[in-house]
>>> print(open('my_file28.cif').read())   # mmCIF, C-alpha atoms
data_upload
#
loop_
_atom_site.label_atom_id
_atom_site.label_comp_id
_atom_site.auth_asym_id
_atom_site.auth_seq_id
_atom_site.Cartn_x
_atom_site.Cartn_y
_atom_site.Cartn_z
CA MET Y 123 83.93 161.55 171.53
CA GLN Y 124 80.62 160.92 169.91
CA ASP Y 125 79.21 157.49 169.27
CA LEU Y 126 79.06 156.18 165.76
CA GLY Y 127 75.71 156.80 164.12
CA ILE Y 128 75.07 153.10 163.84
CA SER Y 129 74.65 152.86 167.60
CA ILE Y 130 71.38 154.82 167.52
CA LEU Y 131 69.80 151.85 165.76
CA PHE Y 132 70.17 149.87 168.94
CA LYS Y 133 69.22 152.65 171.36
CA GLY Y 134 65.97 151.86 173.13
CA ILE Y 135 63.45 150.27 170.86
CA ASN Y 136 64.62 151.93 167.65
CA PHE Y 137 65.32 148.70 165.85
CA GLN Y 138 61.97 147.21 166.87
CA ARG Y 139 60.32 150.39 165.60
CA LEU Y 140 61.97 149.96 162.22
CA LEU Y 141 60.89 146.33 162.07
CA GLY Y 142 57.37 147.43 163.01
CA GLY Y 143 57.46 149.84 160.08
CA LEU Y 144 58.68 147.07 157.80
CA TRP Y 145 55.79 144.92 158.97
CA VAL Y 146 53.33 147.65 157.89
CA THR Y 147 54.65 147.48 154.31
CA LEU Y 148 54.83 143.68 154.38
CA ARG Y 149 51.26 143.41 155.66
CA ILE Y 150 50.05 145.57 152.77
CA ALA Y 151 52.12 143.49 150.36
CA LEU Y 152 50.86 140.15 151.71
CA ILE Y 153 47.19 141.17 151.53
CA THR Y 154 47.80 142.50 148.01
CA ILE Y 155 49.53 139.29 146.88
CA GLY Y 156 46.66 137.16 148.21
CA LEU Y 157 43.97 139.28 146.60
CA SER Y 158 45.91 139.59 143.33
CA ALA Y 159 46.32 135.83 143.09
CA ALA Y 160 42.59 135.25 143.58
CA PHE Y 161 41.39 138.04 141.26
CA GLY Y 162 44.26 137.36 138.85
CA LEU Y 163 42.97 133.84 138.22
CA LEU Y 164 39.59 135.29 137.23
CA PHE Y 165 41.33 137.96 135.15
CA GLY Y 166 43.44 135.36 133.34
CA LEU Y 167 40.43 133.21 132.54
CA LEU Y 168 38.50 136.28 131.33
CA MET Y 169 41.36 137.15 128.98
CA LEU Y 170 41.13 133.68 127.48
CA SER Y 171 37.33 133.71 127.17
CA LYS Y 172 35.70 134.08 123.79
CA ASN Y 173 33.69 137.10 124.93
CA LYS Y 174 35.08 140.10 123.04
CA ILE Y 175 33.80 142.64 125.57
CA ALA Y 176 35.41 140.82 128.50
CA LYS Y 177 38.65 140.54 126.56
CA GLY Y 178 38.64 144.21 125.60
CA PHE Y 179 37.89 145.20 129.19
CA CYS Y 180 40.88 143.20 130.44
CA ARG Y 181 43.09 144.59 127.70
CA VAL Y 182 42.29 148.21 128.66
CA TRP Y 183 42.78 147.42 132.34
CA LEU Y 184 46.17 145.84 131.65
CA GLU Y 185 47.29 148.78 129.49
CA ILE Y 186 46.31 151.32 132.17
CA VAL Y 187 48.37 149.42 134.71
CA ARG Y 188 51.31 149.08 132.33
CA PHE Y 189 51.32 152.74 131.30
CA MET Y 190 50.73 154.61 134.53
CA PRO Y 191 53.44 154.93 137.16
CA GLN Y 192 52.23 153.24 140.34
CA LEU Y 193 52.72 156.49 142.21
CA VAL Y 194 50.26 158.22 139.86
CA LEU Y 195 47.68 155.45 140.38
CA LEU Y 196 48.22 155.70 144.12
CA TYR Y 197 47.58 159.46 144.06
CA LEU Y 198 44.52 158.86 141.92
CA VAL Y 199 43.02 156.52 144.51
CA TYR Y 200 44.15 158.41 147.61
CA PHE Y 201 43.56 162.02 146.53
CA GLY Y 202 41.41 161.66 143.41
CA PHE Y 203 38.73 159.31 144.72
CA ALA Y 204 38.43 161.37 147.88
CA ARG Y 205 37.56 164.35 145.67
CA ILE Y 206 35.45 162.73 142.97
CA PHE Y 207 33.42 160.24 145.01
CA SER Y 208 33.82 161.95 148.40
CA LEU Y 209 35.40 158.70 149.48
CA ASP Y 210 37.70 159.18 152.43
CA LEU Y 211 40.01 156.16 152.28
CA SER Y 212 42.86 155.65 154.70
CA GLY Y 213 46.33 155.45 153.22
CA GLU Y 214 46.54 151.75 153.89
CA THR Y 215 43.17 150.96 152.31
CA SER Y 216 43.99 153.08 149.25
CA ALA Y 217 47.30 151.31 148.90
CA ILE Y 218 45.78 147.83 149.11
CA ALA Y 219 43.06 148.81 146.60
CA MET Y 220 45.52 150.30 144.13
CA PHE Y 221 48.15 147.55 144.44
CA THR Y 222 45.46 144.90 144.01
CA PHE Y 223 44.17 146.69 140.91
CA TRP Y 224 47.73 146.56 139.56
CA GLY Y 225 48.62 143.08 140.81
CA THR Y 226 45.42 141.52 139.48
CA ALA Y 227 46.18 142.61 135.93
CA GLU Y 228 49.84 141.54 136.11
CA MET Y 229 49.03 138.20 137.76
CA GLY Y 230 46.18 137.62 135.29
CA ASP Y 231 48.50 138.18 132.36
CA LEU Y 232 51.02 135.70 133.84
CA ILE Y 233 48.25 133.12 134.30
CA ARG Y 234 47.06 133.69 130.74
CA GLY Y 235 50.62 133.26 129.46
CA ALA Y 236 51.15 130.07 131.46
CA LEU Y 237 47.87 128.55 130.29
CA THR Y 238 48.45 129.33 126.61
CA SER Y 239 52.07 128.15 126.68
CA ILE Y 240 51.07 124.50 127.04
CA PRO Y 241 51.08 122.90 123.59
CA ARG Y 242 47.75 121.53 122.46
CA HIS Y 243 49.20 118.08 121.87
CA GLN Y 244 49.56 117.63 125.62
CA ARG Y 245 45.81 117.61 126.04
CA GLU Y 246 45.30 115.55 122.90
CA SER Y 247 47.89 112.92 123.82
CA ALA Y 248 46.39 112.62 127.27
CA ALA Y 249 42.94 112.14 125.75
CA ALA Y 250 44.34 109.57 123.34
CA LEU Y 251 45.75 107.65 126.30
CA GLY Y 252 42.23 107.44 127.64
CA LEU Y 253 42.50 109.92 130.54
CA THR Y 254 39.21 111.44 131.66
CA PRO Y 255 38.95 115.27 131.47
CA ALA Y 256 39.38 115.50 135.24
CA GLN Y 257 42.51 113.37 135.03
CA ILE Y 258 43.83 115.44 132.14
CA TYR Y 259 43.59 118.58 134.26
CA LEU Y 260 44.88 117.00 137.44
CA HIS Y 261 47.84 115.09 136.02
CA VAL Y 262 48.77 116.88 132.80
CA LEU Y 263 47.62 120.47 132.45
CA ILE Y 264 47.61 121.89 135.99
CA PRO Y 265 51.10 120.60 136.93
CA GLN Y 266 52.60 122.10 133.78
CA THR Y 267 50.76 125.39 134.22
CA VAL Y 268 51.89 125.70 137.83
CA ARG Y 269 55.50 125.03 136.87
CA ARG Y 270 55.48 127.83 134.35
CA LEU Y 271 53.51 130.15 136.56
CA LEU Y 272 55.04 129.79 140.00
CA PRO Y 273 58.52 131.29 139.38
CA GLN Y 274 56.99 134.29 137.60
CA ALA Y 275 54.31 134.73 140.25
CA ILE Y 276 56.98 134.69 142.96
CA ASN Y 277 58.93 137.33 141.06
CA LEU Y 278 55.82 139.47 140.84
CA SER Y 279 55.49 139.13 144.62
CA THR Y 280 58.92 140.66 145.16
CA ARG Y 281 57.93 143.48 142.82
CA ILE Y 282 54.80 144.05 144.90
CA ILE Y 283 56.84 144.10 148.12
CA LYS Y 284 59.26 146.65 146.63
CA THR Y 285 56.44 148.79 145.32
CA THR Y 286 54.80 149.02 148.74
CA ALA Y 287 57.65 151.36 149.70
CA LEU Y 288 55.54 153.96 147.85
CA VAL Y 289 52.93 154.09 150.61
CA LYS Y 290 55.26 156.50 152.37
CA MET Y 291 54.16 159.05 149.78
CA ILE Y 292 50.54 158.87 150.95
CA ASN Y 293 51.39 159.30 154.62
CA VAL Y 294 51.38 155.71 155.79
CA THR Y 295 53.86 155.28 158.63
CA GLU Y 296 55.99 152.52 157.18
CA VAL Y 297 59.65 151.70 157.53
CA LEU Y 298 61.01 154.79 155.69
CA LYS Y 299 58.75 157.10 157.67
CA VAL Y 300 59.71 155.46 160.96
CA GLY Y 301 63.33 155.86 159.88
CA GLN Y 302 62.79 159.57 159.35
CA GLN Y 303 61.18 159.89 162.77
CA ILE Y 304 64.23 158.25 164.33
CA ILE Y 305 66.53 160.54 162.36
CA GLY Y 306 64.49 163.51 163.58
CA GLN Y 307 64.88 162.46 167.22
CA PHE Y 308 68.61 161.97 166.89
CA TYR Y 309 69.32 165.11 164.91
CA ARG Y 310 72.41 165.72 167.03
CA GLN Y 311 73.95 162.61 165.53
CA PRO Y 312 75.17 163.79 162.13
CA ASP Y 313 75.53 160.42 160.44
CA ALA Y 314 72.26 159.01 161.78
CA ALA Y 315 70.54 159.44 158.42
CA PHE Y 316 73.21 157.44 156.65
CA TRP Y 317 72.86 154.44 158.94
CA VAL Y 318 69.09 154.52 159.10
CA TYR Y 319 68.62 154.65 155.33
CA PHE Y 320 71.31 152.03 154.88
CA THR Y 321 69.47 149.76 157.31
CA VAL Y 322 66.16 150.26 155.51
CA PHE Y 323 67.90 149.41 152.26
CA LEU Y 324 69.32 146.22 153.79
CA LEU Y 325 65.98 145.28 155.36
CA TYR Y 326 64.29 145.34 151.97
CA PHE Y 327 67.11 143.29 150.52
CA ILE Y 328 66.90 140.72 153.32
CA VAL Y 329 63.18 140.32 152.65
CA CYS Y 330 63.25 140.25 148.85
CA TRP Y 331 66.48 138.45 148.07
CA PRO Y 332 65.58 134.97 149.42
CA ILE Y 333 62.29 135.15 147.52
CA SER Y 334 64.13 136.02 144.29
CA VAL Y 335 66.59 133.19 144.85
CA LEU Y 336 63.69 130.79 145.38
CA ALA Y 337 62.07 131.94 142.13
CA GLY Y 338 65.37 131.51 140.26
CA ARG Y 339 65.87 128.00 141.64
CA LEU Y 340 62.35 126.90 140.74
CA GLU Y 341 62.73 128.36 137.26
CA LYS Y 342 65.97 126.49 136.69
CA ARG Y 343 64.64 123.23 138.02
CA TRP Y 344 61.37 123.32 136.08
CA ALA Y 345 62.62 124.85 132.86
CA MET V 130 36.37 169.85 134.78
CA ASP V 131 37.76 173.38 134.65
CA TRP V 132 39.28 173.70 131.18
CA SER V 133 40.64 177.20 131.68
CA PHE V 134 42.60 175.96 134.70
CA ILE V 135 43.98 173.19 132.52
CA GLY V 136 44.93 175.57 129.71
CA GLU V 137 46.59 177.90 132.16
CA HIS V 138 48.84 175.19 133.58
CA VAL V 139 49.88 173.42 130.40
CA PRO V 140 53.28 175.19 130.47
CA ASP V 141 53.94 173.88 134.00
CA TYR V 142 53.36 170.37 132.80
CA LEU V 143 55.53 170.88 129.73
CA GLY V 144 58.37 171.89 132.04
CA GLY V 145 57.74 168.85 134.20
CA ALA V 146 57.63 166.57 131.16
CA ALA V 147 60.97 167.97 130.00
CA VAL V 148 62.56 167.05 133.36
CA THR V 149 60.95 163.59 133.36
CA LEU V 150 62.06 162.89 129.78
CA ARG V 151 65.52 164.33 130.10
CA PHE V 152 66.52 162.47 133.23
CA GLY V 153 64.58 159.41 132.15
CA LEU V 154 66.62 159.25 128.94
CA TYR V 155 69.93 159.87 130.74
CA GLY V 156 69.03 157.06 133.10
CA VAL V 157 68.00 154.73 130.28
CA ALA V 158 71.20 155.40 128.32
CA CYS V 159 73.46 154.83 131.34
CA SER V 160 71.45 151.74 132.33
CA LEU V 161 71.90 150.21 128.88
CA LEU V 162 75.63 150.77 129.09
CA LEU V 163 76.01 149.47 132.64
CA GLY V 164 73.71 146.55 131.92
CA LEU V 165 75.66 145.54 128.84
CA VAL V 166 78.98 145.70 130.67
CA CYS V 167 77.68 143.68 133.64
CA CYS V 168 76.12 141.12 131.33
CA LEU V 169 79.33 140.66 129.30
CA LEU V 170 81.42 140.34 132.47
CA ARG V 171 79.22 137.44 133.50
CA TYR V 172 78.90 135.92 130.04
CA PHE V 173 82.66 135.73 129.54
CA ARG V 174 83.16 134.67 133.17
CA VAL V 175 85.69 137.42 133.86
CA PRO V 176 87.22 136.47 137.22
CA VAL V 177 86.27 138.57 140.29
CA LEU V 178 84.47 141.21 138.22
CA ARG V 179 81.69 138.79 137.34
CA ARG V 180 81.06 138.19 141.04
CA ILE V 181 80.89 141.93 141.66
CA ALA V 182 78.48 142.34 138.75
CA GLY V 183 76.37 139.46 140.05
CA GLY V 184 76.24 140.89 143.57
CA TYR V 185 75.33 144.32 142.28
CA ILE V 186 72.49 142.90 140.16
CA GLU V 187 70.99 141.08 143.15
CA LEU V 188 71.31 144.17 145.35
CA ALA V 189 69.69 146.51 142.83
CA ARG V 190 66.89 144.17 141.83
CA ASN V 191 65.80 143.44 145.37
CA THR V 192 65.50 146.94 146.80
CA PRO V 193 63.01 149.73 145.95
CA LEU V 194 64.18 152.78 144.00
CA LEU V 195 62.54 155.03 146.59
CA VAL V 196 64.81 153.64 149.31
CA GLN V 197 67.86 153.86 147.02
CA LEU V 198 67.10 157.53 146.35
CA PHE V 199 66.67 158.38 150.03
CA PHE V 200 69.98 156.70 150.77
CA LEU V 201 71.76 158.65 148.00
CA TYR V 202 70.13 161.99 148.66
CA ALA V 203 69.66 162.08 152.42
CA GLY V 204 72.01 159.38 153.71
CA LEU V 205 75.28 159.83 151.85
CA PRO V 206 75.75 163.58 152.54
CA ARG V 207 75.93 162.69 156.25
CA VAL V 208 79.17 160.82 155.64
CA GLY V 209 80.60 163.50 153.38
CA VAL V 210 79.39 162.45 149.93
CA ARG V 211 77.34 165.34 148.59
CA LEU V 212 75.53 164.84 145.29
CA SER V 213 73.16 167.20 143.54
CA ALA V 214 69.54 166.12 143.10
CA GLU V 215 70.15 165.64 139.38
CA ALA V 216 73.17 163.42 140.00
CA CYS V 217 71.19 161.37 142.52
CA ALA V 218 68.41 160.97 139.98
CA VAL V 219 70.67 159.66 137.23
CA ILE V 220 72.77 157.50 139.58
CA GLY V 221 69.69 156.07 141.27
CA LEU V 222 67.93 155.26 138.01
CA THR V 223 71.12 153.78 136.56
CA PHE V 224 71.74 151.68 139.66
CA LEU V 225 68.24 150.22 139.36
CA GLY V 226 68.07 150.07 135.57
CA GLY V 227 71.54 148.61 134.98
CA ALA V 228 70.55 145.45 136.82
CA TYR V 229 67.31 145.06 134.88
CA MET V 230 69.05 145.73 131.56
CA ALA V 231 71.79 143.21 132.42
CA GLU V 232 69.15 140.55 132.95
CA ALA V 233 67.49 141.44 129.63
CA PHE V 234 70.80 141.26 127.77
CA ARG V 235 71.56 137.97 129.50
CA SER V 236 68.32 136.39 128.30
CA GLY V 237 69.23 137.52 124.77
CA LEU V 238 72.80 136.17 124.91
CA GLU V 239 71.68 132.87 126.38
CA ALA V 240 69.35 132.41 123.43
CA VAL V 241 72.29 132.65 121.02
CA ASP V 242 73.60 129.16 120.32
CA LYS V 243 77.03 128.43 121.78
CA SER V 244 78.21 127.24 118.35
CA GLN V 245 77.91 130.82 117.12
CA ARG V 246 80.46 132.08 119.63
CA GLU V 247 82.74 129.12 118.95
CA ALA V 248 82.48 129.55 115.19
CA GLY V 249 83.41 133.20 115.61
CA GLU V 250 86.45 132.23 117.66
CA CYS V 251 87.40 129.58 115.08
CA ILE V 252 87.55 132.03 112.21
CA GLY V 253 89.86 134.19 114.26
CA LEU V 254 87.61 137.02 115.42
CA THR V 255 88.86 138.87 118.46
CA ARG V 256 86.56 138.88 121.46
CA ALA V 257 85.43 142.43 120.66
CA GLN V 258 84.72 141.52 117.04
CA ASN V 259 82.87 138.43 118.14
CA ILE V 260 80.67 140.49 120.42
CA ARG V 261 80.14 143.24 117.88
CA TYR V 262 79.44 141.18 114.75
CA VAL V 263 78.21 137.79 115.95
CA LEU V 264 76.77 137.77 119.46
CA LEU V 265 75.19 141.18 119.98
CA PRO V 266 73.13 141.40 116.78
CA GLN V 267 71.53 138.05 117.50
CA ALA V 268 71.12 138.69 121.22
CA LEU V 269 69.52 142.09 120.65
CA ALA V 270 66.81 140.58 118.44
CA THR V 271 65.76 138.26 121.26
CA ALA V 272 66.26 140.78 124.04
CA ALA V 273 64.40 143.66 122.35
CA PRO V 274 61.00 143.12 124.02
CA ALA V 275 62.58 142.88 127.48
CA LEU V 276 64.80 145.92 126.82
CA PHE V 277 61.84 148.04 125.73
CA ALA V 278 59.79 146.87 128.69
CA ASN V 279 62.66 148.11 130.88
CA VAL V 280 62.74 151.49 129.10
CA ILE V 281 59.05 152.01 129.85
CA PHE V 282 59.55 150.77 133.41
CA LEU V 283 62.43 153.20 134.00
CA ILE V 284 60.57 156.20 132.58
CA LYS V 285 57.69 155.36 134.92
CA GLU V 286 60.08 155.09 137.86
CA THR V 287 61.18 158.71 137.30
CA SER V 288 57.94 159.64 139.10
CA MET V 289 59.95 159.09 142.30
CA PHE V 290 62.31 161.96 141.53
CA SER V 291 59.85 164.20 143.34
CA VAL V 292 61.45 163.07 146.62
CA LEU V 293 64.66 164.71 145.36
CA ALA V 294 62.74 167.99 145.10
CA MET V 295 63.09 167.88 141.32
CA MET V 296 60.25 169.46 139.36
CA ASP V 297 59.34 166.42 137.30
CA LEU V 298 55.76 165.72 136.18
CA MET V 299 54.83 164.13 139.49
CA ASN V 300 56.15 167.00 141.56
CA VAL V 301 54.57 169.65 139.32
CA ALA V 302 51.23 167.92 139.79
CA ASP V 303 51.72 167.53 143.51
CA THR V 304 52.65 171.17 143.96
CA LEU V 305 49.59 172.31 142.00
CA ARG V 306 47.37 169.93 143.96
CA THR V 307 48.47 171.15 147.37
CA SER V 308 48.32 174.83 146.40
CA GLY V 309 45.11 175.00 144.38
CA GLY V 310 42.94 172.13 145.46
CA ARG V 311 41.92 171.33 141.88
CA THR V 312 42.71 167.67 142.46
CA VAL V 313 40.67 166.28 139.57
CA GLU V 314 42.13 168.57 136.90
CA VAL V 315 45.65 168.16 138.24
CA LEU V 316 45.51 164.36 138.19
CA PHE V 317 43.78 164.30 134.81
CA MET V 318 46.61 166.33 133.29
CA LEU V 319 49.18 164.12 134.98
CA ILE V 320 47.69 160.99 133.41
CA VAL V 321 47.48 162.62 129.98
CA ALA V 322 51.09 163.78 130.24
CA TYR V 323 52.41 160.30 131.06
CA LEU V 324 50.32 158.86 128.22
CA ILE V 325 51.78 161.35 125.74
CA ILE V 326 55.29 160.38 126.82
CA LEU V 327 54.85 156.62 127.02
CA LEU V 328 52.52 155.88 124.10
CA PRO V 329 55.14 156.71 121.44
CA VAL V 330 57.73 154.62 123.28
CA SER V 331 55.34 151.70 123.28
CA LEU V 332 54.52 152.17 119.58
CA ILE V 333 58.21 152.30 118.67
CA ALA V 334 58.75 149.14 120.72
CA THR V 335 56.00 147.29 118.85
CA TRP V 336 57.37 148.46 115.50
CA VAL V 337 60.96 147.43 116.27
CA GLU V 338 59.86 144.07 117.64
CA ARG V 339 57.87 143.36 114.50
CA ARG V 340 60.86 144.25 112.31
CA LEU V 341 63.16 142.06 114.37
CA ARG V 342 60.90 139.05 114.12
CA TYR V 343 61.97 138.75 110.48
CA ALA V 344 65.54 138.42 111.62
CA GLY V 345 65.65 134.66 111.96
CA PHE V 346 68.74 132.87 113.17
CA GLY V 347 69.56 129.18 113.15
CA ASP V 348 66.76 126.84 114.09
CA GLN V 349 63.73 129.00 113.45
CA HIS V 350 61.64 126.09 112.21
CA THR V 351 61.02 124.69 115.65
CA VAL V 352 59.17 127.78 116.79
#
>>> encode(input="my_file28.cif", output="structure tokens")
Amino acid sequence: MQDLGISILFKGINFQRLLGGLWVTLRIALITIGLSAAFGLLFGLLMLSKNKIAKGFCRVWLEIVRFMPQLVLLYLVYFGFARIFSLDLSGETSAIAMFTFWGTAEMGDLIRGALTSIPRHQRESAAALGLTPAQIYLHVLIPQTVRRLLPQAINLSTRIIKTTALVKMINVTEVLKVGQQIIGQFYRQPDAAFWVYFTVFLLYFIVCWPISVLAGRLEKRWA
Amino acid sequence: MDWSFIGEHVPDYLGGAAVTLRFGLYGVACSLLLGLVCCLLRYFRVPVLRRIAGGYIELARNTPLLVQLFFLYAGLPRVGVRLSAEACAVIGLTFLGGAYMAEAFRSGLEAVDKSQREAGECIGLTRAQNIRYVLLPQALATAAPALFANVIFLIKETSMFSVLAMMDLMNVADTLRTSGGRTVEVLFMLIVAYLIILLPVSLIATWVERRLRYAGFGDQHTV
């Protein structure tokens, strides 16, 4: 009698290979989240500036990101830039560049929303109490902004992690691709594909779910 | 830019757009239905079923569509469940979209004051009447922006149907790119095609949201 397909996951180093593939996506996601947070702050402040050109520029950027499927943007960077600018980017570099382009705009819009959501009387009351501008920021404005921002920013992070699954489409060997390689090796095992894809599905859930729960908790506590 | 190449391949893209739109709309319609049902099960605290709905929402929101599609299309047949590519597309999009729609409906229902539901019960409305005439109209006004954002999100996500070997916009473009090498023209047309599909959706969303803002309920003065 044949083994159950699930057993191939634990044959040799198959499971470590899958985890290695997961790490490839997570590494791309983590770099993207870091870069998006940094650039997003600049983007958010630019959106709030009085400069019309800067505002318009951000607006167009945000609309592009909102309108185009991420897969299209990824193809544009990976295949399009190679052709137009003769720029030969690796899959991983293209992915980080494209996801950061996307994440920056989304994060910037969240930061803009958080900053504008604080009623003006907060600043005015603080000033009336005799707080210095530095104190107003430190004790009144920044804490409130962070409370509004953090749950949403964490949610955006899970979206970024989920979206990194797309790098499979530009030939990065991530967890889905590794899964397919394993399936290919064990082609004699008919239900291998079922268990491998099911495991990949669960792996993503195990990574993203705790982060979502954290965001939900923070939102409830700070609402 | 080779305009004759573009003119020659417009029909290919029209075919792709038809697939994208058709299955996108099926997915959106089913997602709205599933989302509404899941949201109501949780809102009325229906025993057992509300837990199932809650678990499903967490599962769908924390895994990538790409992985869900691979599981449906390549994993399930190995254990005897064979689905056509089209069925996988609609089921996959509904599985993802239902969870997002449920969350959008929930935010709308939570914004409706509890006294509304109680008042409805007091004057003897059945639960169905209460939902139909009291709760839903008010909830929809609040939920509209989130619902439309989900519609645009889901139509964008159809770009992943290419892994099901369906000739949607993304796959049409990819096939042309690999066969002809006119990367720039191919990607340019792809972007234009998505714009033509999504711009009207976005305009309709803005129009509906503006109309709904007039629909004030209860304590509008605090806003």
>>> interface_residues(input="my_file28.cif", of="chain Y", to="chain V", cutoff="10 Å", atoms="all atoms listed in the file", output="NGL selection string")
:Y and (127 or 186 or 188-195 or 197-198 or 201-206 or 280-281 or 283-288 or 290-291 or 297-298 or 311-335)
>>> resolve_selection(input="my_file28.cif", expression="the PyMOL selection byres ((chain V and resi 226) around 8)", output="PyMOL selection string")
chain V and resi 156-157+160-161+164+222-225+227-230+279+283
>>> atom_distance(input="my_file28.cif", atom1="atom CA of Ile240 of chain Y", atom2="atom CA of Ser244 of chain V")
28.6 Å
>>> resolve_selection(input="my_file28.cif", expression="the PyMOL selection byres ((chain V and resi 219) around 8)", output="list in words")
Phe152, Gly153, Tyr155, Gly156, Glu215, Ala216, Cys217, Ala218, Ile220, Gly221, Leu222 and Thr223 of chain V
>>> atom_distance(input="my_file28.cif", atom1="atom CA of Asn136 of chain Y", atom2="atom CA of Gln302 of chain Y")
11.4 Å
>>> atom_distance(input="my_file28.cif", atom1="atom CA of Gly144 of chain V", atom2="atom CA of Gly309 of chain V")
18.4 Å
>>> residues_around(input="my_file28.cif", residues="segment 152-161 of chain Y", least_positions_apart="5", cutoff="7 Å", atoms="all atoms listed in the file", output="PyMOL selection string")
chain Y and resi 218+221-222+225-226+229+279
>>> residues_around(input="my_file28.cif", residues="Ser236 of chain V", least_positions_apart="3", cutoff="8 Å", atoms="only C-alpha atoms", output="VMD selection string")
chain V and resid 232 to 233 239 to 240 268 271 to 272
>>> resolve_selection(input="my_file28.cif", expression="the PyMOL selection byres ((chain V and resi 260) around 12)", output="number ranges by chain")
V: 165-166, 168-169, 172-173, 238, 241, 245-247, 249-250, 254-259, 261-269
>>> axis_aligned_box(input="my_file28.cif", around="segment 263-269 of chain Y", padding_each_side="3 Å", output="JSON")
{"center_x": 51.6, "center_y": 123.1, "center_z": 135.1, "size_x": 13.9, "size_y": 11.2, "size_z": 11.4}
>>> residues_around(input="my_file28.cif", residues="Trp344 of chain Y", least_positions_apart="2", cutoff="8 Å", atoms="only C-alpha atoms", output="list in words")
Arg269, Arg270, Leu340, Glu341 and Lys342 of chain Y
>>> closest_residue(input="my_file28.cif", among="V:Leu178, V:Ile186, V:Leu162, V:Met318", to="Ile135 of chain V", atoms="all atoms listed in the file")
V:Met318
